Each structure stands twice: as C-alpha cells, then as structure tokens.
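Worksheet: one structure, shown below.
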Amino acid sequence: MKQVIVVGAGPAGLMAAEVLSRAGVAVAVYDAMPSVGRKFLLAGKGGLNLTHSEPADLFASRYGQRRKQIETIFETFDASDVRTWATSLDIETFVGSSGRVFPVDMKAAPLLRAWLRRLRHPQNGPAVQFFMRHRWTGWHAGDDAPSCLDFETPAGDVHVQADAVVLALGGGSWARLGSNGAWVPWLRDRGVAVAPLLPANCGFDVQGGWSAHFASHFAGHPFKSVSVSLTTSHGMVFQRRGEFVATATGVEGSLIYAASNLLRDDIIANGQTTFHLDLLPDRSFEWVLAQVSYPRGTRSLSSHLKSRLHIEGIKAAVLHESLSKEQMHDPVQLAQTIKALPITLQATRPIDEAISSAGGVLFEAADDHLMLEALPGVFCAGEMLDWEAPTGGYLLTACLASGVRAGQGVLNYLHKK
C-alpha cells in the first residue's frame, strides 16, 4: 500500500488526507500542535463562515491577481462543493443576509469532530493516522529524497519516509497556532521560489498615531455606516461602504480588511498611503454644507453637528483629529472633511496579528496539480501558496479546494510512478 505524509492538520491538509484515504492510500498527518485544526476552531469562534453564495465569476474575482490559478483549483472543488461536503458530514448550512454561508449552529467544533471521526473511521479506505506534537524541521540530512522528512517530538527526533508528501503548513499569521512561516528558508534552499510572507486582512497604524485623547476614549469603537475610498499610486481604485474599528494605534475591521492588500502594497511602494473616509455616505456634499452652514445661535458646534447631521461620538472625534479649531468653524472645509476625511497610514500591523497572510510558494513553482517542480513528489496546499483573499468564506474555500487538488495530484503522481 502506498504511503503519503501530510504535514499540517488544518483544513487544506485534512482535505488532502481525506481524498487520499478514500482512494485507498495510507495517510499519516503530522502537526506541531497538540490537537487538530486549532486555527480553524479559532476562526470559527464568532461563527464559522464556510464559503459564500455569490455567483462563480464574482467569487473568483475576490482572488485578485491569482484568480486564474484559483479558478483552476476550483475546477475540482468549488464553493457549492463546500456545502455538499458539509452536508455529507451531517452539517446543514444556510445563507446569511450578506450571502455568506454558515453551519446552522454557527459552530466550527461539531464540523471538525464529524470530519475527524470520518477520517479516523472511514467506511472505505484505510484510517488516517495522526501524529501530534511533531514539528517538521526539514528534510533528512544527507538524504536527497524529497519525501524523507525529519520531525522534532517530545520523545526525540523522528525520521519518516513516504511515497509522496503534501505540505499544508499555513502562512505566517497566528504563529501560536502553528502558522509561523518557519518553512520558507527550507523550501528556498531546495530551489523552490517563495514570495515573502506579508500580512493580509490586517490592521494598520495611522501616521503619527492618534491623539492621546482619541486613543484613550475611542480605541475599540466602530465607525458605522461610512464609506472608504482610495486610489493607489498604481491607479487602483477602491470604494465601499461598511464599517471598521479604531484601534489604539490605527484602524482595523471588515472595511479595512477589504482594502488591505491595496493599502499594504501602497505602503510598501511609497512608505505610506491615504484613504478618504465619508462619514455621511447617504448625503451629498451640498446637503452637508447646507447643514453645517445653518445658523446655530447659542448652540455649540458639537451640539449643532449632533442635531443637524447626527454626527457625534467617534465621528465627531475623528473630525477633531483632522481639523484645527479654526478649520472646524469653516463651513466649507468642515463639509469637505465630513465627506472625504483623509486618513494616512504608515504601516501594517505585525503579520502575527493578521487574519491571514499573502505571499508563499509561487504557483509558477508548481504544476497544475500543485506538485513542486523542484521537488517531485512534494505537493503544497492551503495558505502557504502565494494567494490572498478577503474574509467572507473565500479563505477557507480556497484552502479546502487546494487540499482536494493536491490530494488528486498525489493520486495521479502515484499512479504514474
């Protein structure tokens, strides 16, 4: 019986293991953590977003420059297959108001338990074996075979060999859960092209920092019902409504994550980037100007903004971050800033704080089945590949799909071998 090693017990690795086991291949999954799927469980803590229900063309567009490669992966397993797969585990799903797909109970743990139960006790094929607290340390010294791996364990170092290997090691975010990017130099030393790991779906620090007053009073507060727009130095345009959160040093949250790749790349290219915040996207500039110009009598400006424009709290505070006292009393400048308040960012937050990461093994370094050209018999899957996507089910869908693709690639490789 053929033997395959899967390194990484996240969604991509587990999916590759399932494809292989179902085909009658003996699979051993190795992971540095004490238990399986730790990042998967944490990601589902607030409600497990499995995938998205939007049309396939729009769905594929979420992967930006890697759309073509991800679409190839989706040929064997796509967003609709995610729901079918969940149903096969007796996990029913529903489509939320935003189009996102969730398990009915919203939880990750029941799905993971059902999945592991099927992997360990399959109706067909050999059971998947799990080896936890096994940290991969690279290829066996003095052995040129790419399927000879070394692991560090509490009981000492272990050397293992198989007919093929699937690496599903994650990216560089959330290192405490196992994705620390330690594998990058090991693959580069073997001739594999790897793009630097960068934070994705991340927060940013504002240039110069918030004032002490703003940081102490409004860190953790959301900007609701706003719009963000930006044009990068390369002419890329972004505009979207939603909400995000102020942090002690800058900004984060769903609306910022949606633009994070553009913001990050502009900072890398220019050292900073600026987006414009529309505090009242439902109102025209002319309406705002009329309201701020309306005679306020003895009322304070803050009372006037609250009563006439419903601007208070964090929205009022951020105006004071951008404008001087004199500028606040200039109706035209105040109205312009309410409609397009510039916020300049100087840095991403550290990659370990990011929801996901960009960069990784270049698709050009692998064939269509995700086998590395420099290491025949070694396949890559999941976030360690060079792609990124916004939150909304896109990350998990691509991880699962790449696991399927790599698993099928291994089967094809073993058959030819």
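Going by the structure tokens order, chains are called A, B, ..., each with residues numbered from 1, while ligands are numbered from 1 in the order shown.
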Review point. Excluding same-chain residues fewer than 2 positions from His415 in chain A, what lies within 12 Å of it counting only C-alpha atoms, as a list in words?
Key: Lys2, Ala23, Val25, Asp163, Ala164, Gly377, Gln408, Gly409, Val410, Leu411, Asn412, Tyr413 and Lys417 of chain A
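Residue neighbourhood of range 166-173 of chain A, excluding near-sequence residues (fewer than 3 positions): Ile5, Val6, Val7, Gly8, Ala12, Gly13, Ser179, Asn180, Gly181, Leu197, Ile351, Asp352, Glu353, Ala354, Ile355, Ser356, Ser357, Val378, Phe379, Cys380, Ala381, Gly382, Glu383 and Met384 of chain A, at 7 Å, using only C-alpha atoms.
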Practice item. From a DSSP pass on the backbone, collect the residues of range 106-148 of chain A flagged as alpha helix (DSSP H) and hand them back as a list of chain:residue names. Key: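 Secondary structure check on range 106-148 of chain A, alpha helix (DSSP H): A:Ala109, A:Pro110, A:Leu111, A:Leu112, A:Arg113, A:Ala114, A:Trp115, A:Leu116, A:Arg117, A:Arg118, A:Leu119, A:Arg120.
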Interface rows for range 30-68 of chain A against range 14-20 of chain A: nearest pair, Å to one decimal, 12 Å, only C-alpha atoms, as CSV:
residue,atom,partner,partner_atom,distance
A:Tyr30,CA,A:Leu14,CA,10.5
A:Asp31,CA,A:Leu14,CA,11.0
A:Val36,CA,A:Leu14,CA,9.1
A:Gly37,CA,A:Leu14,CA,8.8
A:Phe40,CA,A:Leu14,CA,11.3
Output of the above residues as an mmCIF file, in the first residue's frame, restricted to N, CA, C and O atoms:
data_model
loop_
_atom_site.group_PDB
_atom_site.id
_atom_site.type_symbol
_atom_site.label_atom_id
_atom_site.label_comp_id
_atom_site.auth_asym_id
_atom_site.auth_seq_id
_atom_site.Cartn_x
_atom_site.Cartn_y
_atom_site.Cartn_z
ATOM 1 N N TYR A 30 0.937 14.801 10.171
ATOM 2 C CA TYR A 30 1.830 15.290 11.221
ATOM 3 C C TYR A 30 1.555 16.770 11.478
ATOM 4 O O TYR A 30 1.353 17.546 10.534
ATOM 5 N N ASP A 31 1.569 17.144 12.758
ATOM 6 C CA ASP A 31 1.339 18.545 13.094
ATOM 7 C C ASP A 31 2.070 18.895 14.379
ATOM 8 O O ASP A 31 2.178 18.059 15.297
ATOM 9 N N VAL A 36 -5.774 18.975 16.555
ATOM 10 C CA VAL A 36 -6.017 19.248 15.136
ATOM 11 C C VAL A 36 -6.832 20.539 14.957
ATOM 12 O O VAL A 36 -7.698 20.850 15.759
ATOM 13 N N GLY A 37 -6.552 21.253 13.869
ATOM 14 C CA GLY A 37 -7.410 22.347 13.432
ATOM 15 C C GLY A 37 -7.532 23.519 14.375
ATOM 16 O O GLY A 37 -8.604 24.115 14.494
ATOM 17 N N PHE A 40 -8.495 26.776 12.610
ATOM 18 C CA PHE A 40 -9.850 26.580 12.103
ATOM 19 C C PHE A 40 -10.871 26.820 13.210
ATOM 20 O O PHE A 40 -11.873 27.509 13.012
#
Point to revise | strand (DSSP E or B) positions in range 38-199 of chain A, given as a VMD selection string | key: chain A and resid 51 to 52 93 to 95 100 to 103 129 to 131 135 to 139 148 to 153 156 to 161 164 to 167 194 to 199
Review point. With only C-alpha atoms as the basis for distance, which of A:Ala43, A:Ala9, A:Met33, A:Ala340 is at the shortest distance from Leu116 in chain A?
Key: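 Closest residue, counting only C-alpha atoms: A:Ala9.
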**Study point:** Pairwise distance for CA of Val332 in chain A and CA of Ser293 in chain A, rounded to one decimal in Å
**Key:**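 It comes out at 8.3 Å.
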**Study point:** Minimum-distance residue to Gln3 in chain A, chosen among A:Ala366, A:Ala79, A:Val29, A:Ala374 (using only C-alpha atoms)
**Key:**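 Closest to Gln3 in chain A of all the choices is A:Val29.
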Revision key, fill the gap. CA of Val206 in chain A to CA of Ala175 in chain A measures 24.7 Å
Review point. So which one's closest to Ala398 in chain A, A:Pro154, A:Ala28, A:Ala56, A:Phe77? Using only C-alpha atoms, please.
Key: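 The closest residue to Ala398 in chain A is A:Phe77.
In this structure, CA of Gln123 in chain A sits 17.0 Å away from CA of Ala86 in chain A.
For the choices A:Tyr294, A:Trp183, A:Phe275, A:Phe218, the atom-to-atom distance to Val361 in chain A is smallest for A:Trp183 when using only C-alpha atoms.
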**Study point:** Contact residues around His320 in chain A with only C-alpha atoms at 12 Å, ignoring same-chain residues under 6 positions, as a ChimeraX atom specification
**Key:** /A:210-211,213-214,301-302,312-314,326-329,334,337-338,341
Point to revise | 7 Å contact set for Gly242 in chain A, only C-alpha atoms, chain neighbours under 6 positions out, as a list in words | key: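 Those residues are Lys224, Ser225, Val226, Ser227 and Leu255 of chain A.
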